[in-house]
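Okay, start_11.tsv now, which holds TSV, C-alpha atoms:
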```tsv
chain	number	residue	atom	x	y	z
A	1	MET	CA	127.18	113.89	-157.07
A	2	LYS	CA	126.78	110.10	-157.38
A	3	LEU	CA	130.50	109.70	-156.71
A	4	LEU	CA	130.17	111.79	-153.55
A	5	SER	CA	127.23	109.69	-152.37
A	6	LYS	CA	129.17	106.47	-152.89
A	7	PHE	CA	132.13	107.90	-150.98
A	8	THR	CA	129.84	108.91	-148.11
A	9	VAL	CA	128.39	105.40	-147.91
A	10	PHE	CA	131.92	103.97	-147.94
A	11	LEU	CA	132.94	106.17	-145.00
A	12	LEU	CA	129.79	105.16	-143.11
A	13	ILE	CA	130.59	101.46	-143.54
A	14	ILE	CA	134.12	102.04	-142.26
A	15	ALA	CA	132.79	103.94	-139.24
A	16	ILE	CA	130.34	101.16	-138.34
A	17	SER	CA	133.02	98.48	-138.70
A	18	ALA	CA	135.43	100.47	-136.57
A	19	SER	CA	132.87	100.71	-133.77
A	20	LEU	CA	133.46	97.02	-132.99
A	21	VAL	CA	137.25	97.29	-132.97
A	22	PRO	CA	138.73	97.56	-129.47
A	23	GLN	CA	140.50	100.69	-128.35
A	24	SER	CA	144.28	100.82	-128.53
A	25	ALA	CA	146.13	98.81	-125.91
A	26	TYR	CA	147.56	100.44	-122.82
A	27	ALA	CA	149.11	97.46	-121.08
A	28	GLY	CA	150.00	94.95	-123.76
A	29	LYS	CA	146.46	93.79	-124.47
A	30	PRO	CA	143.44	95.53	-126.01
A	31	ILE	CA	140.77	97.43	-124.18
A	32	ALA	CA	137.52	95.42	-124.08
A	33	TRP	CA	134.93	96.76	-126.52
A	34	GLY	CA	131.76	96.21	-124.48
A	35	ALA	CA	129.24	93.51	-123.65
A	36	ALA	CA	126.30	91.56	-125.06
A	37	ASN	CA	123.70	89.07	-123.84
A	38	VAL	CA	123.39	85.45	-124.87
A	39	SER	CA	120.25	84.81	-126.92
A	40	GLY	CA	120.45	81.01	-127.14
A	41	SER	CA	119.58	78.47	-124.46
A	42	SER	CA	123.08	76.98	-124.22
A	43	VAL	CA	125.71	78.76	-126.28
A	44	ARG	CA	129.25	77.45	-126.58
A	45	VAL	CA	132.43	79.46	-126.08
A	46	ARG	CA	135.02	77.87	-128.36
A	47	SER	CA	138.81	77.96	-128.48
A	48	THR	CA	138.90	79.12	-132.11
A	49	PRO	CA	136.48	81.18	-134.28
A	50	ASP	CA	134.87	78.18	-135.96
A	51	ILE	CA	132.58	75.29	-135.05
A	52	SER	CA	135.51	72.86	-134.91
A	53	GLY	CA	137.09	74.72	-131.98
A	54	ASP	CA	137.19	73.03	-128.57
A	55	ILE	CA	134.29	73.92	-126.25
A	56	LEU	CA	135.70	75.92	-123.33
A	57	THR	CA	132.41	76.56	-121.52
A	58	ASN	CA	128.70	77.17	-122.11
A	59	ALA	CA	126.64	80.28	-121.45
A	60	SER	CA	122.90	80.35	-120.77
A	61	ARG	CA	120.24	82.60	-122.24
A	62	GLY	CA	120.48	86.09	-120.76
A	63	ASP	CA	124.05	85.73	-119.49
A	64	ALA	CA	126.25	88.76	-120.15
A	65	VAL	CA	129.58	88.24	-121.90
A	66	VAL	CA	132.37	90.77	-122.38
A	67	ILE	CA	133.21	91.42	-126.03
A	68	LEU	CA	136.96	91.77	-126.44
A	69	SER	CA	136.98	92.20	-130.21
A	70	ARG	CA	135.34	91.01	-133.41
A	71	ALA	CA	137.34	88.16	-134.94
A	72	ASN	CA	135.46	88.21	-138.24
A	73	SER	CA	131.94	88.66	-139.58
A	74	GLU	CA	130.69	85.53	-137.77
A	75	TRP	CA	132.58	85.41	-134.46
A	76	TYR	CA	133.29	87.63	-131.48
A	77	ARG	CA	136.28	87.11	-129.20
A	78	VAL	CA	134.71	87.14	-125.73
A	79	SER	CA	135.44	86.62	-122.06
A	80	PHE	CA	132.93	84.73	-119.94
A	81	ASN	CA	133.26	83.35	-116.41
A	82	GLY	CA	137.04	83.12	-116.60
A	83	SER	CA	137.25	81.69	-120.13
A	84	VAL	CA	138.48	83.67	-123.14
A	85	GLY	CA	137.34	82.29	-126.47
A	86	TYR	CA	134.96	82.82	-129.37
A	87	MET	CA	131.17	83.02	-129.61
A	88	ASN	CA	129.05	82.99	-132.75
A	89	VAL	CA	127.60	86.44	-133.56
A	90	PRO	CA	123.97	85.30	-134.14
A	91	PHE	CA	123.81	83.99	-130.56
A	92	LEU	CA	124.52	87.39	-129.03
A	93	GLU	CA	122.18	90.36	-128.78
A	94	ARG	CA	122.10	93.90	-127.40
A	95	GLU	CA	125.77	94.60	-128.16
A	96	ARG	CA	126.73	97.83	-126.38
A	97	THR	CA	129.73	99.64	-124.98
A	98	ARG	CA	128.01	100.33	-121.65
A	99	ALA	CA	126.34	97.53	-119.72
A	100	ASN	CA	125.58	96.34	-116.19
A	101	PHE	CA	126.35	92.74	-115.31
A	102	ASN	CA	127.99	90.75	-112.53
A	103	ALA	CA	131.35	89.02	-112.74
A	104	ARG	CA	134.67	88.61	-110.98
A	105	GLY	CA	137.92	90.21	-112.08
A	106	ARG	CA	141.58	89.85	-111.09
A	107	ILE	CA	144.02	92.77	-111.25
A	108	THR	CA	146.90	91.98	-113.64
A	109	GLY	CA	148.85	95.23	-113.21
A	110	SER	CA	151.37	95.73	-110.40
A	111	ASN	CA	149.68	98.65	-108.62
A	112	VAL	CA	146.48	99.68	-110.38
A	113	ASN	CA	144.48	102.85	-109.75
A	114	LEU	CA	140.75	102.56	-109.13
A	115	ARG	CA	139.20	105.81	-110.34
A	116	ALA	CA	135.99	107.70	-109.61
A	117	ARG	CA	134.96	107.77	-113.28
A	118	PRO	CA	135.87	105.83	-116.46
A	119	ASP	CA	138.52	108.38	-117.37
A	120	ALA	CA	142.32	108.32	-116.93
A	121	SER	CA	142.20	111.90	-115.64
A	122	SER	CA	139.60	111.09	-112.96
A	123	SER	CA	140.50	111.12	-109.27
A	124	VAL	CA	141.98	107.96	-107.74
A	125	LEU	CA	139.76	106.46	-105.01
A	126	THR	CA	142.14	103.65	-104.04
A	127	ASN	CA	144.50	101.18	-105.69
A	128	ALA	CA	144.93	97.42	-105.81
A	129	GLY	CA	147.91	95.13	-106.16
A	130	GLN	CA	148.45	92.41	-108.71
A	131	GLY	CA	146.27	89.35	-108.09
A	132	THR	CA	143.56	91.19	-106.15
A	133	VAL	CA	140.12	89.77	-106.97
A	134	MET	CA	137.05	92.02	-106.89
A	135	SER	CA	133.44	92.17	-108.06
A	136	ILE	CA	132.78	93.62	-111.52
A	137	LEU	CA	129.46	95.47	-111.82
A	138	GLY	CA	129.63	96.31	-115.53
A	139	ILE	CA	131.60	97.97	-118.30
A	140	ASN	CA	131.66	101.57	-119.53
A	141	GLU	CA	133.57	102.50	-122.69
A	142	GLY	CA	136.41	100.06	-122.03
A	143	TRP	CA	136.52	100.48	-118.24
A	144	PHE	CA	135.25	97.86	-115.79
A	145	LYS	CA	133.00	99.19	-113.03
A	146	VAL	CA	134.10	97.45	-109.84
A	147	GLN	CA	133.33	97.17	-106.12
A	148	HIS	CA	136.38	97.03	-103.89
A	149	GLY	CA	137.33	98.10	-100.40
A	150	GLY	CA	134.06	99.95	-99.87
A	151	HIS	CA	134.42	101.88	-103.14
A	152	THR	CA	132.54	101.72	-106.43
A	153	ALA	CA	135.20	102.63	-108.96
A	154	TYR	CA	136.53	102.07	-112.48
A	155	VAL	CA	139.52	100.06	-113.73
A	156	ARG	CA	140.82	100.02	-117.29
A	157	SER	CA	139.87	96.66	-118.75
A	158	ASP	CA	143.39	95.97	-120.04
A	159	LEU	CA	144.53	95.89	-116.40
A	160	MET	CA	142.09	93.16	-115.34
A	161	GLU	CA	141.14	89.68	-116.39
A	162	LEU	CA	137.80	87.98	-115.80
A	163	VAL	CA	137.92	84.91	-113.56
A	164	GLU	CA	135.36	82.29	-112.58
A	165	SER	CA	132.39	83.75	-110.74
A	166	SER	CA	133.06	81.44	-107.78
A	167	THR	CA	136.52	82.97	-107.18
A	168	ALA	CA	136.69	84.52	-103.72
A	169	VAL	CA	136.85	88.32	-103.54
A	170	SER	CA	140.02	89.70	-101.92
A	171	ALA	CA	140.16	92.50	-99.40
A	172	ALA	CA	141.85	95.76	-100.32
A	173	SER	CA	145.59	95.37	-99.89
A	174	ASN	CA	146.24	98.90	-98.63
A	175	THR	CA	143.21	99.75	-96.52
A	176	ASN	CA	140.91	98.19	-93.95
A	177	SER	CA	137.58	96.88	-95.20
A	178	ARG	CA	134.58	95.13	-93.76
A	179	GLY	CA	133.19	91.76	-94.66
A	180	ARG	CA	129.87	89.96	-94.17
A	181	VAL	CA	129.97	86.26	-93.29
A	182	THR	CA	128.00	84.15	-95.79
A	183	GLY	CA	128.50	80.72	-94.24
A	184	SER	CA	126.18	79.38	-91.53
A	185	VAL	CA	128.63	79.26	-88.60
A	186	VAL	CA	132.16	80.07	-89.77
A	187	ASN	CA	135.40	79.26	-87.96
A	188	ILE	CA	137.92	82.06	-87.47
A	189	ARG	CA	141.29	80.33	-87.32
A	190	ALA	CA	144.70	81.27	-85.93
A	191	THR	CA	146.44	80.81	-89.29
A	192	PRO	CA	145.17	80.60	-92.90
A	193	SER	CA	144.66	76.83	-92.87
A	194	THR	CA	141.79	74.45	-92.12
A	195	ALA	CA	144.21	72.54	-89.87
A	196	SER	CA	144.73	75.61	-87.68
A	197	ALA	CA	143.16	76.14	-84.23
A	198	VAL	CA	139.75	77.85	-84.07
A	199	ARG	CA	139.95	81.13	-82.13
A	200	THR	CA	136.28	82.08	-82.36
A	201	ARG	CA	133.27	81.68	-84.66
A	202	ALA	CA	131.02	84.05	-86.59
A	203	ASN	CA	127.35	83.53	-87.46
A	204	ARG	CA	125.87	84.09	-90.90
A	205	GLY	CA	125.41	87.79	-91.57
A	206	ALA	CA	128.03	88.92	-89.04
A	207	VAL	CA	129.95	91.98	-90.24
A	208	VAL	CA	133.64	91.93	-89.27
A	209	ASN	CA	136.71	94.07	-89.84
A	210	VAL	CA	138.95	92.79	-92.65
A	211	ILE	CA	142.58	93.72	-92.10
A	212	GLY	CA	144.44	91.65	-94.67
A	213	ASN	CA	144.46	88.64	-96.98
A	214	SER	CA	146.66	85.62	-97.53
A	215	SER	CA	146.35	82.92	-100.20
A	216	GLY	CA	142.56	82.92	-100.41
A	217	TRP	CA	141.98	83.64	-96.70
A	218	LEU	CA	140.95	86.97	-95.20
A	219	ARG	CA	142.42	88.16	-91.90
A	220	VAL	CA	139.65	89.60	-89.72
A	221	THR	CA	138.87	90.86	-86.24
A	222	HIS	CA	135.68	89.71	-84.50
A	223	ASN	CA	134.66	89.41	-80.83
A	224	ASN	CA	138.01	90.94	-79.80
A	225	GLN	CA	139.83	88.14	-81.61
A	226	SER	CA	141.86	88.26	-84.81
A	227	GLY	CA	142.17	85.35	-87.19
A	228	TYR	CA	141.47	84.03	-90.67
A	229	ILE	CA	138.27	83.19	-92.58
A	230	ARG	CA	138.26	81.32	-95.87
A	231	GLY	CA	137.63	83.82	-98.67
A	232	ASP	CA	134.65	81.93	-100.10
A	233	LEU	CA	132.78	82.27	-96.78
A	234	ILE	CA	132.84	86.07	-96.61
A	235	GLU	CA	132.07	88.95	-98.96
A	236	ILE	CA	133.50	92.47	-98.91
A	237	VAL	CA	130.96	95.19	-98.05
A	238	PRO	CA	131.28	98.99	-97.81
A	239	ASN	CA	133.37	100.36	-94.92
A	240	SER	CA	130.25	102.16	-93.68
A	241	THR	CA	128.46	98.84	-92.96
A	242	PRO	CA	127.92	98.56	-89.16
A	243	LEU	CA	129.68	95.75	-87.33
A	244	SER	CA	127.25	93.05	-86.18
A	245	GLN	CA	127.10	89.60	-84.65
A	246	GLY	CA	124.84	88.09	-87.34
A	247	THR	CA	121.97	85.69	-86.80
A	248	SER	CA	122.34	82.64	-84.60
A	249	PRO	CA	121.16	79.49	-86.39
A	250	ALA	CA	120.05	77.87	-83.13
A	251	ASN	CA	116.70	76.03	-83.39
A	252	LEU	CA	116.20	77.10	-87.02
A	253	THR	CA	115.49	74.63	-89.80
A	254	LEU	CA	117.50	74.96	-92.99
A	255	GLY	CA	114.44	76.41	-94.71
A	256	GLU	CA	114.08	79.02	-91.96
A	257	GLU	CA	117.77	79.92	-92.32
A	258	VAL	CA	117.29	80.34	-96.06
A	259	SER	CA	114.20	82.49	-95.43
A	260	ALA	CA	116.01	84.69	-92.92
A	261	PHE	CA	118.90	85.21	-95.30
A	262	ALA	CA	116.55	86.02	-98.19
A	263	ARG	CA	114.76	88.60	-96.04
A	264	SER	CA	118.10	90.20	-95.18
A	265	LEU	CA	118.50	91.14	-98.85
A	266	VAL	CA	115.25	93.13	-99.05
A	267	GLY	CA	115.91	96.59	-100.44
A	268	LEU	CA	118.74	95.61	-102.78
A	269	PRO	CA	118.26	96.72	-106.41
A	270	TYR	CA	116.92	94.84	-109.41
A	271	VAL	CA	119.42	94.39	-112.24
A	272	TRP	CA	118.51	92.32	-115.27
A	273	GLY	CA	120.94	89.40	-115.37
A	274	GLY	CA	122.21	90.25	-111.87
A	275	THR	CA	123.40	87.56	-109.47
A	276	SER	CA	125.09	89.54	-106.67
A	277	ARG	CA	124.32	92.16	-104.02
A	278	ALA	CA	125.00	94.81	-106.65
A	279	GLY	CA	121.63	93.78	-108.11
A	280	PHE	CA	119.52	90.71	-108.90
A	281	ASP	CA	116.95	89.56	-111.38
A	282	CYS	CA	114.39	87.08	-110.02
A	283	SER	CA	116.25	83.84	-110.74
A	284	GLY	CA	119.61	85.47	-109.99
A	285	PHE	CA	118.30	86.31	-106.52
A	286	VAL	CA	117.15	82.74	-105.87
A	287	THR	CA	120.38	81.16	-107.16
A	288	TYR	CA	122.45	83.58	-105.04
A	289	VAL	CA	120.53	82.80	-101.84
A	290	LEU	CA	120.62	79.04	-102.33
A	291	ARG	CA	124.30	79.09	-103.27
A	292	GLN	CA	125.11	80.45	-99.80
A	293	PHE	CA	123.76	77.16	-98.42
A	294	GLY	CA	125.53	74.91	-100.92
A	295	VAL	CA	122.44	74.34	-103.09
A	296	ARG	CA	122.83	74.69	-106.88
A	297	VAL	CA	119.84	75.13	-109.18
A	298	THR	CA	119.29	75.97	-112.85
A	299	ARG	CA	119.96	79.67	-113.52
A	300	GLN	CA	116.70	80.64	-115.30
A	301	SER	CA	113.27	80.44	-113.64
A	302	ALA	CA	111.65	78.21	-116.29
A	303	GLY	CA	114.55	75.74	-116.15
A	304	MET	CA	114.56	75.90	-112.35
A	305	PHE	CA	110.89	74.88	-112.28
A	306	ARG	CA	111.52	72.11	-114.80
A	307	ASP	CA	114.78	70.68	-113.45
A	308	ASN	CA	115.01	71.14	-109.71
A	309	GLY	CA	113.36	69.87	-106.54
A	310	THR	CA	110.08	68.09	-105.96
A	311	PRO	CA	106.56	69.52	-106.40
A	312	VAL	CA	104.87	71.00	-103.32
A	313	ASP	CA	101.16	71.73	-102.92
A	314	ARG	CA	100.25	75.25	-101.89
A	315	ALA	CA	98.82	74.01	-98.60
A	316	ASP	CA	102.12	72.30	-97.74
A	317	LEU	CA	104.46	75.22	-98.45
A	318	ALA	CA	107.29	75.65	-95.93
A	319	PRO	CA	109.94	78.36	-95.55
A	320	GLY	CA	112.65	77.95	-98.17
A	321	ASP	CA	110.38	76.47	-100.86
A	322	LEU	CA	110.53	78.07	-104.31
A	323	VAL	CA	107.35	79.59	-105.72
A	324	PHE	CA	106.87	80.09	-109.46
A	325	PHE	CA	104.64	82.32	-111.56
A	326	ALA	CA	103.67	82.37	-115.23
A	327	ALA	CA	102.61	85.68	-116.76
A	328	ASN	CA	100.81	83.93	-119.63
A	329	GLY	CA	99.48	81.11	-117.47
A	330	ARG	CA	101.69	78.53	-119.20
A	331	THR	CA	105.40	79.42	-119.23
A	332	VAL	CA	107.21	80.15	-115.96
A	333	SER	CA	108.65	83.67	-116.01
A	334	HIS	CA	109.19	84.55	-112.34
A	335	VAL	CA	110.39	82.89	-109.13
A	336	GLY	CA	110.67	83.76	-105.44
A	337	ILE	CA	111.40	82.17	-102.06
A	338	TYR	CA	108.55	81.38	-99.69
A	339	VAL	CA	109.25	82.65	-96.15
A	340	GLY	CA	106.06	81.60	-94.35
A	341	GLY	CA	102.91	83.47	-93.36
A	342	ASP	CA	101.63	83.73	-96.96
A	343	ARG	CA	104.72	85.80	-97.86
A	344	PHE	CA	107.54	85.34	-100.36
A	345	VAL	CA	110.73	87.30	-101.12
A	346	HIS	CA	111.66	88.07	-104.71
A	347	ALA	CA	113.51	90.46	-106.99
A	348	SER	CA	110.35	92.07	-108.32
A	349	GLY	CA	111.43	94.66	-110.88
A	350	ARG	CA	113.54	97.71	-111.63
A	351	ASN	CA	111.37	100.14	-109.67
A	352	VAL	CA	111.25	98.23	-106.38
A	353	GLY	CA	114.15	95.72	-106.27
A	354	VAL	CA	114.01	92.89	-103.71
A	355	ILE	CA	110.76	92.97	-101.74
A	356	VAL	CA	108.41	90.81	-99.65
A	357	SER	CA	105.02	90.16	-101.29
A	358	VAL	CA	101.76	88.45	-100.30
A	359	LEU	CA	101.49	85.10	-102.05
A	360	SER	CA	97.68	85.06	-102.11
A	361	ASN	CA	97.74	88.28	-104.16
A	362	ARG	CA	99.43	86.41	-107.02
A	363	THR	CA	98.45	83.45	-109.16
A	364	LEU	CA	100.80	80.65	-108.15
A	365	HIS	CA	101.87	78.46	-111.07
A	366	GLY	CA	103.64	75.90	-108.90
A	367	ALA	CA	106.20	75.31	-106.15
A	368	ARG	CA	109.32	73.20	-105.71
A	369	ARG	CA	111.19	72.02	-102.62
A	370	VAL	CA	114.95	71.99	-103.17
A	371	LEU	CA	116.22	71.82	-99.57
```
As structure tokens:
Amino acid sequence: MKLLSKFTVFLLIIAISASLVPQSAYAGKPIAWGAANVSGSSVRVRSTPDISGDILTNASRGDAVVILSRANSEWYRVSFNGSVGYMNVPFLERERTRANFNARGRITGSNVNLRARPDASSSVLTNAGQGTVMSILGINEGWFKVQHGGHTAYVRSDLMELVESSTAVSAASNTNSRGRVTGSVVNIRATPSTASAVRTRANRGAVVNVIGNSSGWLRVTHNNQSGYIRGDLIEIVPNSTPLSQGTSPANLTLGEEVSAFARSLVGLPYVWGGTSRAGFDCSGFVTYVLRQFGVRVTRQSAGMFRDNGTPVDRADLAPGDLVFFAANGRTVSHVGIYVGGDRFVHASGRNVGVIVSVLSNRTLHGARRVL
């Protein structure tokens, strides 16, 4: 009986260890195991599984990393923001095979199927050619959940590689898409080059038809003109999104432009750790909005309050200022964007997403001007 008990424990240990081993490879590299969140304030991704390895990049508290495999008892092999390396196990938490997060991925296969479910027998929604870059919304049992060409679909993780989050998203190579302009007033050029003639312009928020891509530029049609927009100044949206002219920036201050853009995101979902239209947390929402205007701030709300901008009194608040709140009265835990009229926009929580709230109904901890 004791021998049987020992054997049972031995099998259990093997089963637990195997749970962190990646699935068998389909395309010459292993299927990613899952994801975890960074628990330290600035955690290093190293080139080798030891503290003497070169530092490839740093991840902040709360960032999601993809776990590729477990190198040994102390190190995971991970992928984060385009870097593949090793992260110390104690600095990761909430390891799981299914997770929502936001990243960019590039197709590495020649003609890859995007499926309706994370299953090789699932129906094919569309496909993408090698080099196509798309938004990753999460991982599910070794499959990346992606947004591409108006579809939310799944791609086997051995057929994609993570790239830097700033990498421009490509349009679908085999189908028309739509794109929303994220720059203030964007030139649409005759050829994919900044030296090319300007055929027309598109205001921020304009939704245009995307009909192709070329070396980081998207070919679009807008105002009965066709031309090219730089890929970092436009984002792919669902095909069902109505075409629009966007908002003219005439006579608006930069703060008012920021406020208008923030308001345009009301109704999008809350996702912990989210930094894209697929879902935001509070600081992810603020960093996303400001990034569209070329303003970079610290990723987390407490660090944002500590590191960025200049203090602003409540009576002097202007559209575009950042407003901060502290649940315990001491440590900043929430941030939003003031839009004027005693209102601010913020990613409030899982049940409501991005909303407009009355500032005087909350206890303001402080404000910062970063514009």
(request) May I ask which of the residues A:Gly246, A:Gly212, A:Gly329, A:Pro192 is the closest one to Tyr228 (chain A), counting only C-alpha atoms? (result) A:Pro192
(message) Considering only C-alpha atoms, can you say which of A:Leu114, A:Ala99, A:Met87, A:Val352 comes closest to Gly53 (chain A)?
(response)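 Closest to Gly53 (chain A), using only C-alpha atoms: A:Met87.
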(message) Could you tell me how far CA of Gly62 (chain A) sits from CA of Arg94 (chain A), in Å to one decimal place?
(response)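 Separation between CA of Arg94 (chain A) and CA of Gly62 (chain A): 10.4 Å.
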(request) Kindly indicate which residue among A:Val354, A:Ala326, A:Arg44, A:Leu290 lies nearest to Val370 (chain A), using all atoms listed in the file for the distances. (result)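 Ranking A:Val354, A:Ala326, A:Arg44, A:Leu290 by distance to Val370 (chain A), first place goes to A:Leu290.
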May I have the residues within 9 Å of region 200-209 of chain A as a PDB file with C-alpha atoms, in the frame of the given file, using all atoms listed in the file and disregarding those fewer than 3 positions away in the same chain?
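What ended up in around-v2.pdb:
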```pdb
ATOM      1  CA  ASN A 176     140.910  98.190 -93.950  1.00  0.00           C
ATOM      2  CA  SER A 177     137.580  96.880 -95.200  1.00  0.00           C
ATOM      3  CA  ARG A 178     134.580  95.130 -93.760  1.00  0.00           C
ATOM      4  CA  GLY A 179     133.190  91.760 -94.660  1.00  0.00           C
ATOM      5  CA  ARG A 180     129.870  89.960 -94.170  1.00  0.00           C
ATOM      6  CA  VAL A 181     129.970  86.260 -93.290  1.00  0.00           C
ATOM      7  CA  THR A 182     128.000  84.150 -95.790  1.00  0.00           C
ATOM      8  CA  GLY A 183     128.500  80.720 -94.240  1.00  0.00           C
ATOM      9  CA  SER A 184     126.180  79.380 -91.530  1.00  0.00           C
ATOM     10  CA  VAL A 185     128.630  79.260 -88.600  1.00  0.00           C
ATOM     11  CA  VAL A 186     132.160  80.070 -89.770  1.00  0.00           C
ATOM     12  CA  ASN A 187     135.400  79.260 -87.960  1.00  0.00           C
ATOM     13  CA  ILE A 188     137.920  82.060 -87.470  1.00  0.00           C
ATOM     14  CA  ARG A 189     141.290  80.330 -87.320  1.00  0.00           C
ATOM     15  CA  ARG A 219     142.420  88.160 -91.900  1.00  0.00           C
ATOM     16  CA  VAL A 220     139.650  89.600 -89.720  1.00  0.00           C
ATOM     17  CA  THR A 221     138.870  90.860 -86.240  1.00  0.00           C
ATOM     18  CA  HIS A 222     135.680  89.710 -84.500  1.00  0.00           C
ATOM     19  CA  ASN A 223     134.660  89.410 -80.830  1.00  0.00           C
ATOM     20  CA  GLN A 225     139.830  88.140 -81.610  1.00  0.00           C
ATOM     21  CA  SER A 226     141.860  88.260 -84.810  1.00  0.00           C
ATOM     22  CA  GLY A 227     142.170  85.350 -87.190  1.00  0.00           C
ATOM     23  CA  VAL A 237     130.960  95.190 -98.050  1.00  0.00           C
ATOM     24  CA  ASN A 239     133.370 100.360 -94.920  1.00  0.00           C
ATOM     25  CA  THR A 241     128.460  98.840 -92.960  1.00  0.00           C
ATOM     26  CA  PRO A 242     127.920  98.560 -89.160  1.00  0.00           C
ATOM     27  CA  LEU A 243     129.680  95.750 -87.330  1.00  0.00           C
ATOM     28  CA  SER A 244     127.250  93.050 -86.180  1.00  0.00           C
ATOM     29  CA  GLN A 245     127.100  89.600 -84.650  1.00  0.00           C
ATOM     30  CA  GLY A 246     124.840  88.090 -87.340  1.00  0.00           C
ATOM     31  CA  THR A 247     121.970  85.690 -86.800  1.00  0.00           C
ATOM     32  CA  SER A 248     122.340  82.640 -84.600  1.00  0.00           C
ATOM     33  CA  PRO A 249     121.160  79.490 -86.390  1.00  0.00           C
ATOM     34  CA  PHE A 261     118.900  85.210 -95.300  1.00  0.00           C
ATOM     35  CA  SER A 264     118.100  90.200 -95.180  1.00  0.00           C
TER      36      SER A 264
END
```
Long-range neighbours of Thr152 (chain A) as an mmCIF file with C-alpha atoms, in the coordinates of the input, 10 Å cut-off, all atoms listed in the file, 3 positions minimum in chain:
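Result file is result04.cif:
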```cif
data_model
loop_
_atom_site.group_PDB
_atom_site.id
_atom_site.type_symbol
_atom_site.label_atom_id
_atom_site.label_comp_id
_atom_site.auth_asym_id
_atom_site.auth_seq_id
_atom_site.Cartn_x
_atom_site.Cartn_y
_atom_site.Cartn_z
ATOM 1 C CA LEU A 114 140.750 102.560 -109.130
ATOM 2 C CA ARG A 115 139.200 105.810 -110.340
ATOM 3 C CA ALA A 116 135.990 107.700 -109.610
ATOM 4 C CA ARG A 117 134.960 107.770 -113.280
ATOM 5 C CA LEU A 125 139.760 106.460 -105.010
ATOM 6 C CA SER A 135 133.440 92.170 -108.060
ATOM 7 C CA ILE A 136 132.780 93.620 -111.520
ATOM 8 C CA LEU A 137 129.460 95.470 -111.820
ATOM 9 C CA LYS A 145 133.000 99.190 -113.030
ATOM 10 C CA VAL A 146 134.100 97.450 -109.840
ATOM 11 C CA GLN A 147 133.330 97.170 -106.120
ATOM 12 C CA HIS A 148 136.380 97.030 -103.890
ATOM 13 C CA GLY A 149 137.330 98.100 -100.400
ATOM 14 C CA PRO A 238 131.280 98.990 -97.810
#
```
(request) Please provide as an NGL selection string all residues within 10 Å of Phe144 (chain A), with the sequence filter that same-chain residues fewer than 6 positions apart are discarded (counting only C-alpha atoms). (result) :A and (32 or 34 or 98-100 or 105 or 114 or 118 or 135-138 or 153-160)
Emit the selected residues as a PDB file, keeping the file's coordinate frame, including C-alpha atoms.
```pdb
ATOM      1  CA  ALA A  32     137.520  95.420-124.080  1.00  0.00           C
ATOM      2  CA  GLY A  34     131.760  96.210-124.480  1.00  0.00           C
ATOM      3  CA  ARG A  98     128.010 100.330-121.650  1.00  0.00           C
ATOM      4  CA  ALA A  99     126.340  97.530-119.720  1.00  0.00           C
ATOM      5  CA  ASN A 100     125.580  96.340-116.190  1.00  0.00           C
ATOM      6  CA  GLY A 105     137.920  90.210-112.080  1.00  0.00           C
ATOM      7  CA  LEU A 114     140.750 102.560-109.130  1.00  0.00           C
ATOM      8  CA  PRO A 118     135.870 105.830-116.460  1.00  0.00           C
ATOM      9  CA  SER A 135     133.440  92.170-108.060  1.00  0.00           C
ATOM     10  CA  ILE A 136     132.780  93.620-111.520  1.00  0.00           C
ATOM     11  CA  LEU A 137     129.460  95.470-111.820  1.00  0.00           C
ATOM     12  CA  GLY A 138     129.630  96.310-115.530  1.00  0.00           C
ATOM     13  CA  ALA A 153     135.200 102.630-108.960  1.00  0.00           C
ATOM     14  CA  TYR A 154     136.530 102.070-112.480  1.00  0.00           C
ATOM     15  CA  VAL A 155     139.520 100.060-113.730  1.00  0.00           C
ATOM     16  CA  ARG A 156     140.820 100.020-117.290  1.00  0.00           C
ATOM     17  CA  SER A 157     139.870  96.660-118.750  1.00  0.00           C
ATOM     18  CA  ASP A 158     143.390  95.970-120.040  1.00  0.00           C
ATOM     19  CA  LEU A 159     144.530  95.890-116.400  1.00  0.00           C
ATOM     20  CA  MET A 160     142.090  93.160-115.340  1.00  0.00           C
TER      21      MET A 160
END
```
(message) Just to confirm, what's the straight-line distance from CA of Met134 (chain A) to CA of Val38 (chain A) in Å (one decimal)?
(response)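 For CA of Met134 (chain A) relative to CA of Val38 (chain A), the distance reads 23.5 Å.
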(message) Considering all atoms listed in the file, can you say which of A:Tyr288, A:Tyr338, A:Trp217, A:Phe280 comes closest to Ser259 (chain A)?
(response) A:Tyr338
(request) Between A:Arg368, A:Arg306, A:Arg362, A:Arg350, single out the one closest to Val323 (chain A), counting only C-alpha atoms. (result) A:Arg368
(request) Please measure the separation of CA of Ala302 (chain A) and CA of Ser333 (chain A), giving the value in Å to one decimal. (result)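 About the pair CA of Ala302 (chain A) and CA of Ser333 (chain A): they are 6.2 Å apart.
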(request) Write out as a list in words which residues come within 12 Å of Ile51 (chain A) when counting all atoms listed in the file, dropping same-chain ones fewer than 5 positions away. (result)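 Near neighbours after the sequence-gap exclusion: Val43, Arg44, Val45, Arg46, Glu74, Trp75, Tyr86, Met87 and Asn88 of chain A.
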(message) Need to verify the contact set: Asn351 (chain A), 9 Å, all atoms listed in the file, exclusion of same-chain residues closer than 2 positions in sequence. Can you return it as a VMD selection string?
(response) chain A and resid 269 to 270 348 to 349 353
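Candidate residues A:Leu364, A:Val271, A:Leu317, A:Ile107 were compared for distance to Ala347 (chain A), and the nearest is A:Val271, using all atoms listed in the file.
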